[in-house]
>>> print(open('structure-v6.txt').read())   # compact mmCIF, C-alpha atoms and all ligand atoms
# COMPACT_ATOMS: atom_id res chain seq x y z
CA MET M 1 115.07 126.28 215.18
CA ALA M 2 118.03 123.91 215.10
CA GLU M 3 118.55 124.31 211.36
CA ASP M 4 118.94 128.09 211.57
CA ALA M 5 122.51 129.40 211.50
CA LEU M 6 123.72 131.01 214.73
CA ALA M 7 123.58 134.51 213.23
CA THR M 8 119.91 133.93 212.44
CA LEU M 9 119.26 132.55 215.90
CA LEU M 10 120.81 135.67 217.42
CA ALA M 11 118.14 137.76 215.71
CA ARG M 12 115.31 135.55 216.98
CA LEU M 13 116.21 134.21 220.41
CA GLY M 14 114.57 135.44 223.60
CA ARG M 15 111.83 137.39 221.84
CA PRO M 16 108.13 137.35 222.68
CA SER M 17 105.99 135.25 220.32
CA HIS M 18 103.97 138.34 219.40
CA GLY M 19 103.80 142.05 220.11
CA TRP M 20 106.99 143.80 221.23
CA ALA M 21 110.10 142.99 219.20
CA ASN M 22 112.02 142.73 222.48
CA THR M 23 111.07 141.11 225.77
CA PRO M 24 110.23 144.02 228.08
CA ILE M 25 112.02 144.63 231.39
CA VAL M 26 109.88 143.03 234.08
CA LYS M 27 110.43 144.27 237.63
CA GLY M 28 109.09 142.36 240.58
CA SER M 29 109.59 140.45 243.78
CA THR M 30 106.00 139.41 244.50
CA TYR M 31 104.05 137.45 241.93
CA LEU M 32 100.31 137.28 242.69
CA PHE M 33 98.20 134.15 242.28
CA GLU M 34 94.46 133.86 241.65
CA ASP M 35 93.91 131.56 244.60
CA LEU M 36 95.73 129.19 246.97
CA ALA M 37 95.30 126.23 244.64
CA GLN M 38 97.20 128.06 241.90
CA TRP M 39 99.89 129.15 244.37
CA ARG M 40 100.25 125.57 245.61
CA ALA M 41 100.45 124.21 242.05
CA ALA M 42 103.21 126.69 241.15
CA ARG M 43 105.24 125.73 244.24
CA GLU M 44 104.93 122.06 243.40
CA GLN M 45 106.03 122.59 239.82
CA ARG M 46 108.80 125.07 240.31
CA ASP M 47 111.62 122.70 241.23
CA ALA M 48 111.11 120.66 238.09
CA GLN M 49 109.78 123.29 235.71
CA ARG M 50 110.25 126.95 235.09
CA VAL M 51 107.20 128.81 236.38
CA LEU M 52 106.69 132.35 237.63
CA SER M 53 106.51 132.16 241.42
CA TYR M 54 108.83 134.67 243.12
CA GLY M 55 111.22 137.36 241.88
CA ALA M 56 114.35 135.49 242.98
CA ARG M 57 113.42 132.58 240.71
CA GLY M 58 113.37 134.81 237.63
CA ASN M 59 110.89 136.65 235.46
CA GLU M 60 110.09 136.94 231.75
CA THR M 61 113.17 139.07 230.96
CA VAL M 62 115.51 136.73 232.83
CA PHE M 63 113.93 133.64 231.28
CA ALA M 64 114.33 135.19 227.80
CA LEU M 65 118.09 135.53 228.32
CA GLU M 66 118.36 132.05 229.84
CA ASP M 67 116.65 130.60 226.78
CA ALA M 68 118.85 132.52 224.34
CA ILE M 69 122.05 131.35 226.05
CA THR M 70 120.77 127.76 226.29
CA ALA M 71 120.07 127.68 222.54
CA LEU M 72 123.48 129.06 221.63
CA GLU M 73 125.38 126.80 224.04
CA GLY M 74 123.34 123.80 222.94
CA GLY M 75 122.37 122.70 226.46
CA TYR M 76 119.19 121.75 228.33
CA ARG M 77 118.80 124.87 230.49
CA SER M 78 120.85 127.74 231.89
CA LYS M 79 121.03 129.70 235.13
CA LEU M 80 122.21 133.30 235.39
CA PHE M 81 124.50 134.80 238.02
CA PRO M 82 125.49 138.37 238.90
CA THR M 83 129.07 137.88 237.63
CA GLY M 84 131.07 135.32 235.70
CA LEU M 85 132.97 134.45 238.86
CA ALA M 86 129.69 133.83 240.74
CA ALA M 87 128.73 131.42 237.93
CA ILE M 88 132.01 129.53 238.35
CA ALA M 89 131.52 129.38 242.13
CA ALA M 90 127.97 128.08 241.70
CA ALA M 91 129.17 125.36 239.32
CA PHE M 92 131.72 124.16 241.89
CA LEU M 93 129.23 124.30 244.77
CA ALA M 94 126.51 122.58 242.74
CA TYR M 95 128.54 119.53 241.83
CA LEU M 96 131.17 119.12 244.57
CA LYS M 97 130.86 118.17 248.22
CA ALA M 98 133.34 117.69 251.05
CA GLY M 99 135.87 114.99 250.13
CA ASP M 100 135.40 115.45 246.37
CA HIS M 101 138.31 116.38 244.13
CA VAL M 102 138.26 118.69 241.10
CA LEU M 103 141.04 118.55 238.53
CA ILE M 104 141.64 121.96 236.95
CA SER M 105 143.49 122.81 233.74
CA GLN M 106 146.42 125.15 234.12
CA GLY M 107 145.87 128.62 232.76
CA VAL M 108 142.37 129.10 234.20
CA TYR M 109 141.13 132.56 235.06
CA GLN M 110 143.11 133.51 238.15
CA PRO M 111 140.17 134.39 240.47
CA ALA M 112 138.81 130.86 239.84
CA ARG M 113 142.11 129.48 241.12
CA GLN M 114 141.88 131.73 244.13
CA LEU M 115 138.31 130.59 244.77
CA CYS M 116 139.62 127.02 245.06
CA GLU M 117 142.64 127.93 247.14
CA SER M 118 141.01 130.19 249.68
CA GLN M 119 137.34 129.12 249.70
CA LEU M 120 136.57 125.60 248.47
CA SER M 121 139.40 124.22 250.60
CA ASN M 122 137.51 125.52 253.69
CA TYR M 123 134.64 123.19 252.81
CA GLY M 124 136.81 120.09 252.47
CA MET M 125 136.79 120.08 248.66
CA ARG M 126 140.11 119.22 247.11
CA PHE M 127 141.62 120.47 243.87
CA SER M 128 144.77 120.13 241.82
CA PHE M 129 145.98 121.43 238.48
CA PHE M 130 147.02 119.63 235.31
CA ASP M 131 148.24 120.28 231.80
CA PRO M 132 145.72 118.60 229.46
CA ARG M 133 148.40 118.47 226.74
CA ASP M 134 150.50 116.09 228.83
CA PRO M 135 149.82 112.63 227.32
CA GLU M 136 149.96 111.21 230.86
CA TRP M 137 147.44 113.70 232.27
CA ARG M 138 144.90 111.06 233.36
CA LYS M 139 147.35 109.95 236.06
CA ALA M 140 146.27 113.14 237.85
CA LEU M 141 142.74 111.73 238.28
CA MET M 142 141.97 110.42 241.75
CA PRO M 143 139.28 108.02 242.96
CA GLU M 144 137.56 111.10 244.49
CA THR M 145 137.70 113.16 241.27
CA ARG M 146 134.14 114.25 240.58
CA MET M 147 134.82 117.07 238.12
CA VAL M 148 137.39 118.07 235.52
CA TYR M 149 137.30 121.83 235.00
CA VAL M 150 138.93 123.30 231.91
CA GLU M 151 139.31 126.69 230.30
CA SER M 152 140.06 126.35 226.60
CA PRO M 153 141.48 128.57 225.19
CA SER M 154 143.11 129.39 228.51
CA SER M 155 143.31 132.86 229.99
CA LEU M 156 146.17 135.09 228.85
CA LEU M 157 148.00 132.70 226.47
CA TYR M 158 145.04 130.92 224.79
CA ASP M 159 146.28 127.33 225.08
CA MET M 160 143.68 125.05 223.50
CA PHE M 161 142.86 121.58 224.75
CA ASP M 162 141.40 118.53 223.05
CA LEU M 163 137.99 118.59 224.78
CA PRO M 164 136.53 115.53 222.93
CA ALA M 165 139.54 113.45 224.07
CA ILE M 166 139.19 114.68 227.68
CA ALA M 167 135.45 113.93 227.59
CA GLU M 168 136.20 110.38 226.46
CA VAL M 169 138.26 109.83 229.61
CA CYS M 170 135.73 111.51 231.93
CA ARG M 171 132.46 110.01 230.69
CA PRO M 172 133.01 106.31 231.51
CA ARG M 173 134.31 107.29 234.96
CA GLY M 174 131.23 109.37 235.75
CA ILE M 175 133.37 112.51 236.04
CA LEU M 176 131.65 115.76 235.09
CA LEU M 177 133.48 117.87 232.50
CA CYS M 178 132.94 121.59 233.02
CA ALA M 179 134.36 124.32 230.75
CA ASP M 180 134.77 128.07 231.13
CA ASN M 181 133.61 129.22 227.68
CA THR M 182 134.11 132.95 228.12
CA TRP M 183 136.62 133.12 225.22
CA GLY M 184 134.21 131.28 222.92
CA SER M 185 131.12 133.24 224.00
CA SER M 186 128.92 130.32 222.79
CA LEU M 187 129.38 131.40 219.18
CA ILE M 188 132.97 130.68 218.17
CA TYR M 189 133.55 127.71 220.51
CA ARG M 190 130.91 125.37 221.89
CA PRO M 191 132.12 123.06 224.69
CA LEU M 192 128.85 121.13 225.07
CA GLU M 193 129.16 120.07 221.40
CA LEU M 194 132.72 118.99 222.12
CA GLY M 195 131.65 116.63 224.92
CA CYS M 196 131.46 118.82 228.04
CA ASP M 197 128.56 118.51 230.48
CA VAL M 198 128.52 122.06 231.79
CA SER M 199 129.58 125.37 230.21
CA VAL M 200 130.18 128.57 232.16
CA MET M 201 130.50 132.02 230.65
CA ALA M 202 131.23 135.53 231.82
CA ALA M 203 128.51 137.28 229.81
CA THR M 204 130.23 140.43 231.11
CA LYS M 205 132.61 140.00 228.16
CA TYR M 206 131.40 139.56 224.54
CA LEU M 207 127.73 138.69 225.19
CA GLY M 208 127.10 142.01 226.92
CA GLY M 209 129.72 143.46 224.64
CA HIS M 210 129.51 147.12 225.67
CA SER M 211 131.42 147.29 228.98
CA ASP M 212 128.25 148.26 230.81
CA VAL M 213 127.00 145.11 232.55
CA MET M 214 128.18 142.22 234.75
CA MET M 215 126.68 138.74 234.26
CA GLY M 216 127.54 135.05 234.38
CA SER M 217 125.80 131.99 233.00
CA VAL M 218 125.97 128.25 233.56
CA THR M 219 124.44 125.94 230.95
CA ALA M 220 124.07 122.24 231.68
CA ARG M 221 123.01 119.05 229.99
CA GLN M 222 119.68 117.67 231.23
CA ALA M 223 121.32 114.97 233.36
CA CYS M 224 123.11 117.53 235.53
CA PHE M 225 120.73 120.50 235.50
CA ALA M 226 118.80 119.71 238.70
CA GLU M 227 121.91 120.09 240.89
CA LEU M 228 122.68 123.46 239.31
CA GLU M 229 119.13 124.71 239.83
CA LYS M 230 119.21 123.62 243.47
CA ALA M 231 122.54 125.35 244.15
CA SER M 232 121.36 128.52 242.45
CA VAL M 233 118.19 128.66 244.56
CA ASN M 234 119.95 127.72 247.81
CA LEU M 235 122.63 130.35 247.29
CA GLY M 236 119.99 132.96 246.53
CA GLN M 237 121.49 133.81 243.16
CA THR M 238 119.53 136.01 240.80
CA VAL M 239 120.11 138.80 238.26
CA SER M 240 118.27 142.04 237.61
CA ALA M 241 115.89 142.35 234.68
CA GLU M 242 117.72 145.46 233.44
CA ASP M 243 120.97 143.54 233.30
CA ALA M 244 119.34 140.57 231.54
CA PHE M 245 117.85 143.01 229.02
CA LEU M 246 121.26 144.63 228.40
CA VAL M 247 122.95 141.27 227.77
CA LEU M 248 120.17 140.17 225.43
CA ARG M 249 120.45 143.47 223.59
CA GLY M 250 124.21 143.03 223.31
CA MET M 251 123.80 139.53 221.94
CA ARG M 252 121.82 140.78 218.91
CA THR M 253 125.11 142.01 217.42
CA LEU M 254 127.39 139.27 218.84
CA ASP M 255 128.12 137.66 215.47
CA LEU M 256 128.81 140.96 213.76
CA ARG M 257 131.00 142.26 216.57
CA LEU M 258 133.03 139.08 216.93
CA ARG M 259 133.79 139.06 213.20
CA ARG M 260 135.06 142.62 213.37
CA HIS M 261 137.08 142.00 216.57
CA ALA M 262 138.57 138.83 215.04
CA ASP M 263 139.43 140.36 211.63
CA SER M 264 141.12 143.37 213.21
CA ALA M 265 142.90 141.23 215.82
CA LEU M 266 144.29 138.84 213.20
CA GLU M 267 145.51 141.71 211.03
CA ILE M 268 147.17 143.41 214.00
CA ALA M 269 148.55 140.12 215.39
CA ALA M 270 150.25 139.31 212.05
CA TRP M 271 151.68 142.81 211.86
CA LEU M 272 152.95 142.66 215.45
CA ALA M 273 154.61 139.28 214.78
CA SER M 274 156.88 141.00 212.23
CA GLN M 275 158.07 143.70 214.67
CA PRO M 276 161.62 143.38 216.05
CA ALA M 277 160.56 144.39 219.60
CA ILE M 278 158.04 141.52 219.76
CA ARG M 279 159.25 137.98 220.45
CA THR M 280 155.92 136.09 220.40
CA VAL M 281 152.32 136.82 219.50
CA PHE M 282 149.68 134.61 221.15
CA HIS M 283 146.46 134.37 219.14
CA PRO M 284 145.14 130.94 218.06
CA ALA M 285 143.88 132.17 214.66
CA LEU M 286 147.47 133.08 213.76
CA GLU M 287 149.06 130.28 211.71
CA SER M 288 152.29 130.43 213.73
CA ASP M 289 150.43 129.87 217.02
CA PRO M 290 151.01 126.36 218.42
CA ASN M 291 147.24 126.05 219.04
CA HIS M 292 146.33 126.83 215.44
CA SER M 293 145.47 123.29 214.30
CA LEU M 294 143.16 122.63 217.28
CA TRP M 295 141.62 126.06 216.76
CA ARG M 296 140.96 125.12 213.13
CA ARG M 297 139.40 121.83 214.15
CA ASP M 298 137.21 122.98 217.06
CA ALA M 299 136.57 126.74 216.86
CA HIS M 300 134.27 128.56 214.45
CA GLY M 301 135.99 131.91 214.64
CA SER M 302 138.18 134.05 216.82
CA ASN M 303 137.96 137.22 218.90
CA GLY M 304 139.84 140.39 219.77
CA LEU M 305 142.26 138.95 222.34
CA VAL M 306 145.96 139.06 221.48
CA THR M 307 148.83 138.74 223.96
CA VAL M 308 152.34 139.83 222.98
CA GLU M 309 155.65 138.93 224.54
CA PHE M 310 158.27 141.65 224.15
CA ASP M 311 161.92 140.87 223.45
CA PRO M 312 163.23 139.62 226.85
CA GLY M 313 166.22 141.97 226.44
CA LEU M 314 163.98 145.05 226.69
CA ASP M 315 163.82 146.87 230.00
CA HIS M 316 160.38 146.60 231.64
CA GLY M 317 160.41 150.21 232.77
CA ARG M 318 160.97 151.36 229.17
CA ILE M 319 158.13 149.16 227.93
CA GLU M 320 155.74 150.56 230.54
CA GLN M 321 156.73 154.10 229.63
CA ALA M 322 156.03 153.30 225.96
CA ILE M 323 152.61 151.87 226.89
CA GLY M 324 151.87 155.31 228.29
CA ALA M 325 152.17 156.67 224.73
CA LEU M 326 149.05 154.77 223.60
CA ARG M 327 146.02 156.95 222.92
CA LEU M 328 143.35 154.49 221.76
CA PHE M 329 144.01 151.61 224.16
CA GLY M 330 142.52 152.06 227.61
CA ILE M 331 144.22 150.60 230.67
CA GLY M 332 141.69 148.49 232.53
CA ALA M 333 140.42 145.07 233.50
CA SER M 334 138.05 142.92 231.48
CA TRP M 335 137.64 142.70 227.70
CA GLY M 336 134.90 141.89 225.21
CA GLY M 337 133.50 145.41 225.08
CA TYR M 338 133.54 147.64 222.00
CA GLU M 339 136.78 149.35 222.99
CA SER M 340 140.47 148.52 222.81
CA LEU M 341 142.32 147.79 226.05
CA VAL M 342 145.80 146.85 227.22
CA LEU M 343 146.93 145.34 230.50
CA PRO M 344 150.25 143.79 231.55
CA VAL M 345 149.73 140.15 232.56
CA ASP M 346 151.59 137.79 234.84
CA VAL M 347 150.94 134.27 233.56
CA ARG M 348 152.69 132.75 236.56
CA ARG M 349 149.50 133.50 238.48
CA THR M 350 147.42 131.32 236.14
CA ARG M 351 149.89 128.49 235.52
CA TYR M 352 150.79 125.73 237.88
CA ARG M 353 154.03 124.88 239.64
CA ASP M 354 157.01 125.22 237.29
CA ALA M 355 155.05 125.26 234.02
CA ALA M 356 157.10 127.12 231.42
CA VAL M 357 156.45 130.85 231.37
CA PRO M 358 157.60 133.13 228.52
CA PRO M 359 160.58 135.18 229.75
CA GLY M 360 159.69 138.53 228.14
CA TYR M 361 157.28 141.24 229.31
CA LEU M 362 153.69 140.18 228.48
CA LEU M 363 150.99 142.60 227.41
CA ARG M 364 147.41 141.55 226.69
CA LEU M 365 145.63 143.57 224.03
CA HIS M 366 141.92 143.59 223.45
CA ILE M 367 141.38 144.75 219.90
CA GLY M 368 138.16 146.76 219.87
CA LEU M 369 135.84 147.91 217.10
CA GLU M 370 137.92 150.98 216.15
CA ASP M 371 139.45 151.20 212.68
CA PRO M 372 142.37 148.70 212.69
CA GLN M 373 144.66 151.14 210.86
CA ASP M 374 144.19 153.69 213.64
CA LEU M 375 144.98 150.99 216.20
CA LYS M 376 148.15 150.05 214.29
CA ASN M 377 149.19 153.69 214.14
CA ASP M 378 148.70 153.89 217.91
CA LEU M 379 150.71 150.71 218.53
CA SER M 380 153.42 152.05 216.16
CA LYS M 381 153.97 154.84 218.68
CA LEU M 382 154.62 152.28 221.41
CA LEU M 383 157.01 150.32 219.17
CA GLY M 384 158.67 153.53 217.98
CA ALA M 385 159.36 154.56 221.58
CA LEU M 386 161.19 151.25 222.09
CA ALA M 387 163.30 151.52 218.93
CA HIS M 388 165.66 154.25 220.16
C1 LIG C 401 136.24 137.76 233.07
C2 LIG C 401 136.27 136.31 233.19
C3 LIG C 401 135.55 135.64 234.17
C4 LIG C 401 134.79 136.35 235.25
O1 LIG C 401 133.79 137.19 234.82
P1 LIG C 401 133.27 138.39 235.76
O2 LIG C 401 131.95 138.72 235.18
O3 LIG C 401 134.29 139.47 235.63
O4 LIG C 401 133.19 137.84 237.15
C5 LIG C 401 135.58 134.26 234.17
N1 LIG C 401 136.30 133.57 233.28
C6 LIG C 401 137.02 134.18 232.33
C7 LIG C 401 137.80 133.36 231.36
C8 LIG C 401 137.04 135.56 232.25
O5 LIG C 401 137.78 136.16 231.31
>>> encode(input="structure-v6.txt", output="structure tokens", more="lines below")
Ligand SMILES: *Cc1c(COP(=O)(O)O)cnc(C)c1O
Amino acid sequence: MAEDALATLLARLGRPSHGWANTPIVKGSTYLFEDLAQWRAAREQRDAQRVLSYGARGNETVFALEDAITALEGGYRSKLFPTGLAAIAAAFLAYLKAGDHVLISQGVYQPARQLCESQLSNYGMRFSFFDPRDPEWRKALMPETRMVYVESPSSLLYDMFDLPAIAEVCRPRGILLCADNTWGSSLIYRPLELGCDVSVMAATKYLGGHSDVMMGSVTARQACFAELEKASVNLGQTVSAEDAFLVLRGMRTLDLRLRRHADSALEIAAWLASQPAIRTVFHPALESDPNHSLWRRDAHGSNGLVTVEFDPGLDHGRIEQAIGALRLFGIGASWGGYESLVLPVDVRRTRYRDAAVPPGYLLRLHIGLEDPQDLKNDLSKLLGALAH
């Protein structure tokens, strides 16, 4: 399978070897055995191998999605979680114990930060934040550092980090490198190929792709899978077969959707960059973006996320009133679905200490699958309302 392109894999992954084109939804808690010997054999195997034994450990539908994600991420095996945040929490709890330190890149998804600040600290795990672009960043490593956790591109402003260079520092020290790959969705950015040991995704976003399901995944290299499996079982984490089916169904069109999101987003980002009310457009596929060269080197495409900074001279109340003029952009959390969304963002919540923050009002756009000209016309109304 390895020689097939990802778009081809998407059409083949997680399917039964014969019969139904799609893996059916399997519902069940109890799995019945022929006799005690078979039951005993399954229990002996199940910590090392994937066998059907009890509903909480997964079923055919769940295994099909695990396999599809594993193949795309390029890992050994994956575990699924009811949300992306639950997947992040499981990754921390799987690999860290009291006294351990995790070094976290600035700009990570804010609830992950909060998880460290108000939960992990209760268990004696320590954390601190760093800017991976600082040439002196390795000074932030401590003797107790067991994991470096990065999100590249980062949430809200899409800062990209040199993952192969970070991996080179971590590997000889026995430090695990874990990435949140929600932006990359395993198709346009692949952290395990870039040297990471563990990749986490919110499948809620582009994998599901239709704003109708919550899901998280963690994919690990073989050397660190056993700890993940143990944490997942101990924490009682499992997902429903319906939800696994929905994500797998969404993934069939992942390549097609991402291309459309990315093409429309780039067109709209370039157009926004020429508007007098806009000071900065953040989108790594845009040539003017400071992350563009790393994006060219490490990413295989882009997506629908664009953040704009308005002219700092513009009154925030006026901007928010103008946002109210939008017809095609919904106001709501999340992104990665078929539809366009806007949400004001406060990057101070994702950055650390006094890291530079753009001074103007920041608005994150998710460019959906609508016709890009219609979206531009809608955004023109917002810009028009600010012009006079
Ligand atoms: C949305 C998101 C998550 C969390 O996913 P949920 O399914 O909403 O819990 C994690 N990381 C990033 C980068 C995200 O954008």
>>> closest_atom_pairs(input="structure-v6.txt", of="chain M", to="ligand LIG 401 (chain C)", cutoff="6 Å", atoms="all atoms listed in the file", output="Markdown table")
| residue | atom | partner | partner_atom | distance |
| --- | --- | --- | --- | --- |
| M:Thr83 | CA | C:LIG401 | O2 | 3.9 |
| M:Gly84 | CA | C:LIG401 | O1 | 3.4 |
| M:Leu85 | CA | C:LIG401 | O4 | 3.8 |
| M:Tyr109 | CA | C:LIG401 | C7 | 5.0 |
| M:Ser155 | CA | C:LIG401 | C7 | 5.7 |
| M:Thr182 | CA | C:LIG401 | C7 | 4.9 |
| M:Ala202 | CA | C:LIG401 | O1 | 4.3 |
| M:Thr204 | CA | C:LIG401 | O2 | 4.7 |
| M:Met214 | CA | C:LIG401 | O2 | 5.2 |
| M:Met215 | CA | C:LIG401 | O2 | 5.3 |
| M:Gly216 | CA | C:LIG401 | O2 | 5.8 |
| M:Ser334 | CA | C:LIG401 | C1 | 5.7 |
>>> residues_near_point(input="structure-v6.txt", point="(143.5, 135.6, 215.5)", cutoff="10 Å", atoms="only C-alpha atoms", output="MDAnalysis selection string")
chainID M and resid 261:270 281:287 289 292 295 301:306
>>> residues_around(input="structure-v6.txt", residues="Asp255 in chain M", least_positions_apart="6", cutoff="9 Å", atoms="all atoms listed in the file", output="list in words")
Leu6, Ala7, Leu10, Leu187 and Ile188 of chain M
>>> atom_distance(input="structure-v6.txt", atom1="CA of Ala87 in chain M", atom2="CA of Met201 in chain M")
7.5 Å
>>> closest_residue(input="structure-v6.txt", among="M:Val308, M:Leu294, M:Ala220, M:Ile319", to="Asp159 in chain M", atoms="all atoms listed in the file")
M:Leu294
>>> residues_around(input="structure-v6.txt", residues="Leu383 in chain M", least_positions_apart="2", cutoff="10 Å", atoms="only C-alpha atoms", output="list in words")
Leu272, Gln275, Pro276, Ala277, Ile278, Ile319, Ala322, Ile323, Ala325, Asn377, Asp378, Leu379, Ser380, Lys381, Ala385, Leu386, Ala387 and His388 of chain M
>>> atom_distance(input="structure-v6.txt", atom1="CA of Ser154 in chain M", atom2="CA of Asp180 in chain M")
8.8 Å
>>> residues_around(input="structure-v6.txt", residues="Leu235 in chain M", least_positions_apart="5", cutoff="12 Å", atoms="only C-alpha atoms", output="mmCIF file with C-alpha atoms, in the frame of the given file")
data_model
loop_
_atom_site.group_PDB
_atom_site.id
_atom_site.type_symbol
_atom_site.label_atom_id
_atom_site.label_comp_id
_atom_site.auth_asym_id
_atom_site.auth_seq_id
_atom_site.Cartn_x
_atom_site.Cartn_y
_atom_site.Cartn_z
ATOM 1 C CA ALA M 56 114.350 135.490 242.980
ATOM 2 C CA ARG M 57 113.420 132.580 240.710
ATOM 3 C CA PHE M 81 124.500 134.800 238.020
ATOM 4 C CA PRO M 82 125.490 138.370 238.900
ATOM 5 C CA ALA M 86 129.690 133.830 240.740
ATOM 6 C CA ALA M 87 128.730 131.420 237.930
ATOM 7 C CA ALA M 89 131.520 129.380 242.130
ATOM 8 C CA ALA M 90 127.970 128.080 241.700
ATOM 9 C CA ALA M 91 129.170 125.360 239.320
ATOM 10 C CA LEU M 93 129.230 124.300 244.770
ATOM 11 C CA ALA M 94 126.510 122.580 242.740
ATOM 12 C CA LEU M 228 122.680 123.460 239.310
ATOM 13 C CA GLU M 229 119.130 124.710 239.830
ATOM 14 C CA LYS M 230 119.210 123.620 243.470
#
>>> closest_residue(input="structure-v6.txt", among="M:Phe329, M:Phe245, M:Tyr338, M:Tyr123", to="Arg260 in chain M", atoms="all atoms listed in the file")
M:Tyr338
>>> closest_atom_pairs(input="structure-v6.txt", of="range 44-109 of chain M", to="range 138-142 of chain M", cutoff="12 Å", atoms="only C-alpha atoms", output="CSV")
residue,atom,partner,partner_atom,distance
M:Gly99,CA,M:Met142,CA,11.3
M:Asp100,CA,M:Met142,CA,9.5
M:His101,CA,M:Met142,CA,7.4
M:Val102,CA,M:Leu141,CA,8.7
M:Leu103,CA,M:Leu141,CA,7.0
M:Ile104,CA,M:Ala140,CA,10.0
M:Ser105,CA,M:Ala140,CA,10.9
>>> atom_distance(input="structure-v6.txt", atom1="CA of Gly317 in chain M", atom2="CA of Gln114 in chain M")
28.5 Å
>>> closest_residue(input="structure-v6.txt", among="M:Ala165, M:Leu96, M:Ala42, M:Leu256", to="Glu227 in chain M", atoms="all atoms listed in the file")
M:Leu96
>>> axis_aligned_box(input="structure-v6.txt", around="range 179-184 of chain M", padding_each_side="5 Å", output="JSON")
{"center_x": 135.1, "center_y": 128.7, "center_z": 227.0, "size_x": 13.0, "size_y": 18.8, "size_z": 18.2}
